[in-house]
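Enquirer: What follows is a single structure, and I will ask about it in a moment.
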Amino acid sequence: MKLLLLQPPIEDFYDTDVRLQPIGLCYLKAVVKKHHPDIEVKVVDLHHGWGKKTIPLPKELTYLKDYYPYKDKSPFCGFYQYYHFGASDDDILGVIEREAPDVVGISSLFSPYYREVLHTAGLVKAVRDVPVIVGGSHVSADPLSLLQDPSVDFVICGEGEKPLVEFLHSLKLKRGNTKIRWSHIPNLGYRKGTEYCINIERENYPIDEIPMPDLEDFESKNYSYFGKPLAFVITSRGCPHHCSFCSVHATFGFQYRKRAIDSVLDEIKKRYQAGYRIINFEDDNLTFDKPFMKEFCQRLIDAFADKDITFVAMNGLSYLSLDDELLELMKKARFTHLNVALVSRAAKRPHTVEKYIAIINKAASLDFKILSSQILGLPDETLESMIETLCVAARLPVLVGASMFYLTPSSPLARELNHYPTDEDVFKARLSAMAIETPYCSRDDLYTLFITTRIIDFFKALPVDQFEDDITVAKVLMGNGLLTPLDERTKIGLELMTLLLQDKILYAATPQGHRPLERFKFDLFEKIWNQLDHITTQSQLVIKV
């Protein structure tokens, strides 16, 4: 028997360059090889490494043409073109025909891309009459959106290792003409006549009994960050927080489980020997257990003191679980970047501005590169609260990573709102869609806030001369106080910012010249701008507003 595990393509305005390694499928491959050594397993990434092509804007998103109207060379630009990222239909059909699997598993991680999952399943069925089983975060959040499609035979909710092992055992019995009852397999969803059945979820294998992900289907050069081979590792599963916008508990439940440090170190050593030089920890809450994390960092320092290796945590960290000692240990252990979030109480995440500021200042003193994430447009958050949060980050030595709120199926917030999403709702659950308007925040407001964060980040990244005294926005816009030569994109940004303050209009820089972006609300931008007395750059220099 041969099992083929697929990461499908996606379609959107943009794609991330990193965080694409299909670690979940690689976990499944490893556990199947452990419990079913007679089954051949292969992982194929149909998303990364196949290029992109321009496709028409879907009808559900045509309202965005007013917000993303031009191909804009400005550093403040939003989005413009809609793309297919990954393998073409012919490519996928070729993979299926070449691999000739007996069963196919497809990953459905992110809700807005469920249609691409269904399309991939349909392509499988077009050339192979084999069972198709789908798992991943979106399945856990909204299983019927996939199981209702005739191309999908089974789904797995929650963690997939143990259910897949038991499913394959039953499938082998079925191939031996033994009648199978699927009802005994935990977490499995299937059709029974005209009914849809979702079995009770049960605990997965103990976390340290799950073998490390099997990456043998990929060369180390396949995934990279800053030009160096990148591998994903987790030290835990689950998150103890109950943030209203997050659906992680639909997959991992409410248990927070840590791996043994020796096991994690063995995995990192194996990745290093295979040529990987950057390790990204994809935990949902890497630093929650501070004693564990401090011991882990010390063990990293001891194990890799003379090695060319870097550690990052792109999935984000809770600043509440950081302190001075841990930050110093992380720096010694060769962590380089921090992604932290300051969100409102509307998100029901623990939140203290004083603690956040203290952690940012300490991290900056250690020369970390810091991204401060902010969710714009949470249903219960006022515009004034969003502006306040944005201004706090603007005054600190961080980049601002703004994400426009979208309602994730099965998140606590979706349940509170008693909202079962339609297919269109699920499709539009992406930040680029700006799908959710609230009594406090219109789509125009969201758009203006989002572009304003880009304007602020433009100033934060400027090559300010550290020996120049009394740097102001006015001086910078005249070209004073900056290290030269300036690249073309920076010159465009300075010109458009001058025009914005002068004409009270934000322009796009197009091949046909400057074109006004009419949905940008200057009065809202001005309100934010007037609350800023200064912007602090990533290099900790101050530009007075």
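FYI, nothing fancy with the structure tokens labels: chains A, B, ... in order, residues from 1 per chain, ligands from 1 as they appear.
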Give me the residues near region 211-217 of chain A as a ChimeraX atom specification, where near means some atom within 7 Å (using only C-alpha atoms) and where sequence neighbours in that chain fewer than 4 positions away do not count.
Expert: /A:23,26-27,29-31,42-43,267
Enquirer: Enumerate, in order of chain and increasing residue number, the residues of region 410-500 of chain A with an atom no farther than 8 Å from region 68-75 of chain A, each with its shortest atom pair and distance in Å to one decimal, counting only C-alpha atoms, as a tab-separated table.
Expert:
```
residue	atom	partner	partner_atom	distance
A:Arg454	CA	A:Pro75	CA	7.3
A:Ile455	CA	A:Pro75	CA	7.7
A:Phe458	CA	A:Pro75	CA	7.0
A:Arg489	CA	A:Pro75	CA	6.4
A:Thr490	CA	A:Pro75	CA	7.4
A:Ile492	CA	A:Ser74	CA	6.2
A:Gly493	CA	A:Pro75	CA	5.9
A:Leu496	CA	A:Ser74	CA	7.9
```
Enquirer: Hey, can you check how far CA of Val545 (chain A) sits from CA of Ser365 (chain A)?
Expert: 23.5 Å
Enquirer: Just the residues within 9 Å of Pro22 (chain A), please, counting only C-alpha atoms, with nothing from its chain fewer than 2 positions along; format it as a list of chain:residue names.
Expert: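 Once the adjacent positions are removed, what remains is A:Leu6, A:Gln7, A:Arg19, A:Leu20, A:Gly24, A:Leu25, A:Cys26, A:Tyr27, A:Val43, A:Val44, A:Asp45, A:Ser107, A:Phe232.
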Enquirer: Let me see the file: selected residues, N, CA and C atoms, as a PDB file, in the first residue's frame.
Expert:
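Okay, result.pdb is ready:
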```
ATOM      1  N   LEU A   6      -0.334  15.250   0.654  1.00  0.00           N
ATOM      2  CA  LEU A   6      -0.210  16.433  -0.193  1.00  0.00           C
ATOM      3  C   LEU A   6      -0.461  17.727   0.583  1.00  0.00           C
ATOM      4  N   GLN A   7       0.421  18.692   0.387  1.00  0.00           N
ATOM      5  CA  GLN A   7       0.141  20.077   0.780  1.00  0.00           C
ATOM      6  C   GLN A   7      -0.326  20.800  -0.475  1.00  0.00           C
ATOM      7  N   ARG A  19       7.739  29.674   6.414  1.00  0.00           N
ATOM      8  CA  ARG A  19       6.674  28.993   7.166  1.00  0.00           C
ATOM      9  C   ARG A  19       5.826  28.100   6.263  1.00  0.00           C
ATOM     10  N   LEU A  20       6.444  27.526   5.228  1.00  0.00           N
ATOM     11  CA  LEU A  20       5.695  26.695   4.298  1.00  0.00           C
ATOM     12  C   LEU A  20       6.031  25.204   4.423  1.00  0.00           C
ATOM     13  N   GLY A  24       3.335  19.167   9.575  1.00  0.00           N
ATOM     14  CA  GLY A  24       2.272  18.274  10.015  1.00  0.00           C
ATOM     15  C   GLY A  24       2.227  16.992   9.211  1.00  0.00           C
ATOM     16  N   LEU A  25       2.365  17.113   7.887  1.00  0.00           N
ATOM     17  CA  LEU A  25       2.388  15.920   7.036  1.00  0.00           C
ATOM     18  C   LEU A  25       3.632  15.078   7.314  1.00  0.00           C
ATOM     19  N   CYS A  26       4.741  15.744   7.632  1.00  0.00           N
ATOM     20  CA  CYS A  26       5.971  15.009   7.928  1.00  0.00           C
ATOM     21  C   CYS A  26       5.859  14.250   9.249  1.00  0.00           C
ATOM     22  N   TYR A  27       5.095  14.803  10.210  1.00  0.00           N
ATOM     23  CA  TYR A  27       4.788  14.051  11.435  1.00  0.00           C
ATOM     24  C   TYR A  27       3.974  12.804  11.087  1.00  0.00           C
ATOM     25  N   VAL A  43       5.560  12.457   0.987  1.00  0.00           N
ATOM     26  CA  VAL A  43       5.001  13.787   1.152  1.00  0.00           C
ATOM     27  C   VAL A  43       5.374  14.623  -0.069  1.00  0.00           C
ATOM     28  N   VAL A  44       4.376  15.282  -0.663  1.00  0.00           N
ATOM     29  CA  VAL A  44       4.625  16.170  -1.796  1.00  0.00           C
ATOM     30  C   VAL A  44       4.050  17.542  -1.477  1.00  0.00           C
ATOM     31  N   ASP A  45       4.899  18.545  -1.561  1.00  0.00           N
ATOM     32  CA  ASP A  45       4.477  19.926  -1.328  1.00  0.00           C
ATOM     33  C   ASP A  45       4.079  20.536  -2.669  1.00  0.00           C
ATOM     34  N   SER A 107      -3.690  18.062   3.312  1.00  0.00           N
ATOM     35  CA  SER A 107      -3.670  18.986   4.443  1.00  0.00           C
ATOM     36  C   SER A 107      -4.572  20.179   4.163  1.00  0.00           C
ATOM     37  N   PHE A 232      11.499  23.370  10.601  1.00  0.00           N
ATOM     38  CA  PHE A 232      10.536  23.657  11.656  1.00  0.00           C
ATOM     39  C   PHE A 232      10.678  22.629  12.774  1.00  0.00           C
TER      40      PHE A 232
END
```
Enquirer: Near Leu486 (chain A), within 12 Å and counting only C-alpha atoms, which residues show up once chain neighbours fewer than 4 positions away are dropped, as a list of chain:residue names?
Expert: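 Listing them by chain and then by number gives A:Ala461, A:Leu462, A:Pro463, A:Val464, A:Val476, A:Gly479, A:Asn480, A:Gly481, A:Leu482, A:Thr490, A:Lys491, A:Ile492, A:Gly493, A:Leu494.
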Enquirer: Mind giving me the straight-line distance from CA of Tyr80 (chain A) to CA of Ile451 (chain A) in Å, one decimal?
Expert: 13.6 Å
Enquirer: Quick check for you: according to DSSP on this backbone, which residues of region 101-175 of chain A are classed as alpha helix (DSSP H)? Reply as a PyMOL selection string.
Expert: chain A and resi 114-127+137-141+144-147+161-175
Enquirer: Taking the backbone alone, and naming residues the way the document does, which bits of region 334-392 of chain A are strand (DSSP E or B) by DSSP, as a list in words?
Expert: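 Of region 334-392 of chain A, only Phe335, His337, Leu338, Asn339, Val340, Ala341, Lys369, Ile370, Leu371, Ser372, Ser373, Gln374, Ile375 and Leu376 of chain A fall in strand (DSSP E or B).
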Enquirer: Just the residues within 7 Å of region 510-525 of chain A, please, counting only C-alpha atoms, with nothing from its chain fewer than 3 positions along; format it as a list in words.
Expert: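 Those residues are Tyr67, Tyr70, Lys71, Asp72, Lys73, Asp444, Tyr447, Thr448, Thr452, Lys504, Ile505, Leu506, Tyr507, Ile528 and Trp529 of chain A.
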Enquirer: Please determine, counting only C-alpha atoms, which residue among A:Leu541, A:Ile210, A:Leu376, A:Ala141 has the shortest atom-to-atom distance to Thr389 (chain A).
Expert: A:Leu376
Enquirer: Excluding Leu28 (chain A) and its own-chain neighbours fewer than 5 positions away, which residues fall within 8 Å of it when counting only C-alpha atoms? Please give them as a ChimeraX atom specification.
Expert: /A:160-161,164,213
Enquirer: Compile the contact shell of region 397-406 of chain A as a PyMOL selection string: residues with an atom at most 9 Å away, counting only C-alpha atoms, same-chain residues fewer than 4 positions apart removed.
Expert: chain A and resi 245+339+341+360-361+364+369-379+390+393+428-436+446-447+449-450+453-454+456-457+460-461+535-541
Enquirer: Using only N, CA and C atoms, please write the residues we just selected to a file, as a compact mmCIF listing (two decimals), in the first residue's frame.
Expert:
```
# COMPACT_ATOMS: atom_id res chain seq x y z
N PHE A 245 -10.10 35.17 19.29
CA PHE A 245 -10.01 35.09 17.83
C PHE A 245 -9.37 33.79 17.35
N ASN A 339 8.78 37.99 17.69
CA ASN A 339 7.46 38.40 17.20
C ASN A 339 6.52 38.37 18.39
N ALA A 341 2.97 40.33 20.43
CA ALA A 341 1.71 40.98 20.08
C ALA A 341 1.19 41.79 21.25
N ILE A 360 9.85 45.00 25.47
CA ILE A 360 10.37 45.52 24.20
C ILE A 360 11.68 46.27 24.44
N ASN A 361 11.73 47.10 25.44
CA ASN A 361 12.95 47.88 25.70
C ASN A 361 14.12 46.97 26.07
N ALA A 364 15.20 45.18 22.86
CA ALA A 364 15.92 46.11 21.98
C ALA A 364 17.34 46.34 22.48
N LYS A 369 15.78 41.86 16.69
CA LYS A 369 14.88 42.45 15.71
C LYS A 369 13.46 42.07 16.12
N ILE A 370 12.60 43.08 16.31
CA ILE A 370 11.31 42.84 16.94
C ILE A 370 10.17 43.24 16.01
N LEU A 371 9.21 42.35 15.88
CA LEU A 371 7.95 42.64 15.19
C LEU A 371 6.84 42.66 16.22
N SER A 372 6.10 43.76 16.26
CA SER A 372 4.96 43.87 17.18
C SER A 372 3.68 43.68 16.38
N SER A 373 2.97 42.60 16.64
CA SER A 373 1.77 42.27 15.88
C SER A 373 0.55 42.94 16.51
N GLN A 374 -0.36 43.38 15.66
CA GLN A 374 -1.60 44.00 16.13
C GLN A 374 -2.74 43.56 15.23
N ILE A 375 -3.85 43.19 15.83
CA ILE A 375 -5.06 42.84 15.08
C ILE A 375 -5.93 44.08 14.98
N LEU A 376 -6.29 44.43 13.77
CA LEU A 376 -7.14 45.60 13.52
C LEU A 376 -8.57 45.14 13.27
N GLY A 377 -9.53 45.76 13.96
CA GLY A 377 -10.94 45.51 13.66
C GLY A 377 -11.60 44.42 14.47
N LEU A 378 -11.07 44.09 15.64
CA LEU A 378 -11.77 43.15 16.51
C LEU A 378 -13.17 43.67 16.82
N PRO A 379 -14.17 42.80 16.85
CA PRO A 379 -15.57 43.26 16.92
C PRO A 379 -15.90 44.21 18.06
N LEU A 390 -1.64 51.22 18.28
CA LEU A 390 -0.73 51.51 17.18
C LEU A 390 0.30 52.56 17.58
N ALA A 393 3.14 51.16 19.78
CA ALA A 393 4.15 50.45 19.00
C ALA A 393 4.99 51.40 18.16
N LYS A 428 -13.71 34.13 2.83
CA LYS A 428 -13.26 35.50 3.08
C LYS A 428 -12.55 35.66 4.43
N ALA A 429 -12.26 34.55 5.10
CA ALA A 429 -11.58 34.60 6.39
C ALA A 429 -10.07 34.76 6.19
N ARG A 430 -9.69 35.88 5.58
CA ARG A 430 -8.29 36.18 5.30
C ARG A 430 -8.10 37.68 5.49
N LEU A 431 -6.92 38.08 5.95
CA LEU A 431 -6.73 39.49 6.28
C LEU A 431 -6.87 40.38 5.06
N SER A 432 -6.49 39.91 3.88
CA SER A 432 -6.55 40.74 2.69
C SER A 432 -7.98 41.06 2.26
N ALA A 433 -8.97 40.32 2.79
CA ALA A 433 -10.36 40.52 2.38
C ALA A 433 -11.04 41.67 3.11
N MET A 434 -10.53 42.07 4.26
CA MET A 434 -11.18 43.11 5.07
C MET A 434 -12.68 42.84 5.16
N ALA A 435 -13.04 41.61 5.52
CA ALA A 435 -14.42 41.15 5.39
C ALA A 435 -15.33 41.62 6.51
N ILE A 436 -14.76 41.90 7.70
CA ILE A 436 -15.58 42.17 8.87
C ILE A 436 -15.60 43.67 9.16
N LEU A 446 -10.53 50.37 8.36
CA LEU A 446 -9.58 49.27 8.37
C LEU A 446 -8.46 49.50 7.36
N TYR A 447 -8.87 49.84 6.16
CA TYR A 447 -7.90 50.07 5.09
C TYR A 447 -6.93 51.18 5.48
N LEU A 449 -6.15 52.32 8.50
CA LEU A 449 -5.28 51.87 9.59
C LEU A 449 -4.17 50.97 9.06
N PHE A 450 -4.53 50.05 8.18
CA PHE A 450 -3.55 49.11 7.63
C PHE A 450 -2.46 49.84 6.86
N THR A 453 -0.08 51.77 9.13
CA THR A 453 0.99 50.97 9.74
C THR A 453 2.16 50.83 8.76
N ARG A 454 1.87 50.77 7.48
CA ARG A 454 2.95 50.69 6.49
C ARG A 454 3.72 52.01 6.40
N ILE A 456 4.10 54.09 8.93
CA ILE A 456 4.92 54.11 10.15
C ILE A 456 6.14 53.21 10.00
N ASP A 457 5.94 52.01 9.46
CA ASP A 457 7.07 51.09 9.27
C ASP A 457 8.08 51.64 8.26
N LYS A 460 10.24 53.74 10.25
CA LYS A 460 11.05 52.93 11.15
C LYS A 460 12.24 52.27 10.46
N ALA A 461 12.11 52.05 9.16
CA ALA A 461 13.18 51.38 8.41
C ALA A 461 14.12 52.35 7.70
N ILE A 535 8.46 58.83 16.29
CA ILE A 535 8.53 57.44 15.82
C ILE A 535 9.94 56.95 16.12
N THR A 536 10.04 55.76 16.71
CA THR A 536 11.35 55.18 16.99
C THR A 536 11.68 54.14 15.93
N THR A 537 12.84 54.26 15.33
CA THR A 537 13.25 53.35 14.27
C THR A 537 13.69 52.01 14.85
N GLN A 538 13.87 51.02 13.97
CA GLN A 538 14.37 49.73 14.41
C GLN A 538 15.76 49.85 15.04
N SER A 539 16.52 50.83 14.59
CA SER A 539 17.87 51.03 15.14
C SER A 539 17.85 51.92 16.38
N GLN A 540 16.66 52.14 16.96
CA GLN A 540 16.46 52.85 18.22
C GLN A 540 16.77 54.34 18.13
N LEU A 541 16.65 54.90 16.93
CA LEU A 541 16.80 56.34 16.75
C LEU A 541 15.41 56.98 16.69
```
Enquirer: Pick the closest to Gly227 (chain A) from A:Ile278, A:Ala474, A:Leu144, A:Leu317: which is it, counting only C-alpha atoms?
Expert: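 Using only C-alpha atoms, the shortest distance to Gly227 (chain A) belongs to A:Ile278.
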Enquirer: Kindly indicate which residue among A:Arg299, A:Arg257, A:His249, A:His534 lies nearest to Ser140 (chain A), using only C-alpha atoms for the distances.
Expert: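 With only C-alpha atoms as the atom set, the closest residue is A:His249.
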Enquirer: CA of Ile207 (chain A) to CA of Thr16 (chain A): how many Å, to one decimal?
Expert: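 Pair CA of Ile207 (chain A) / CA of Thr16 (chain A) returns 28.7 Å.
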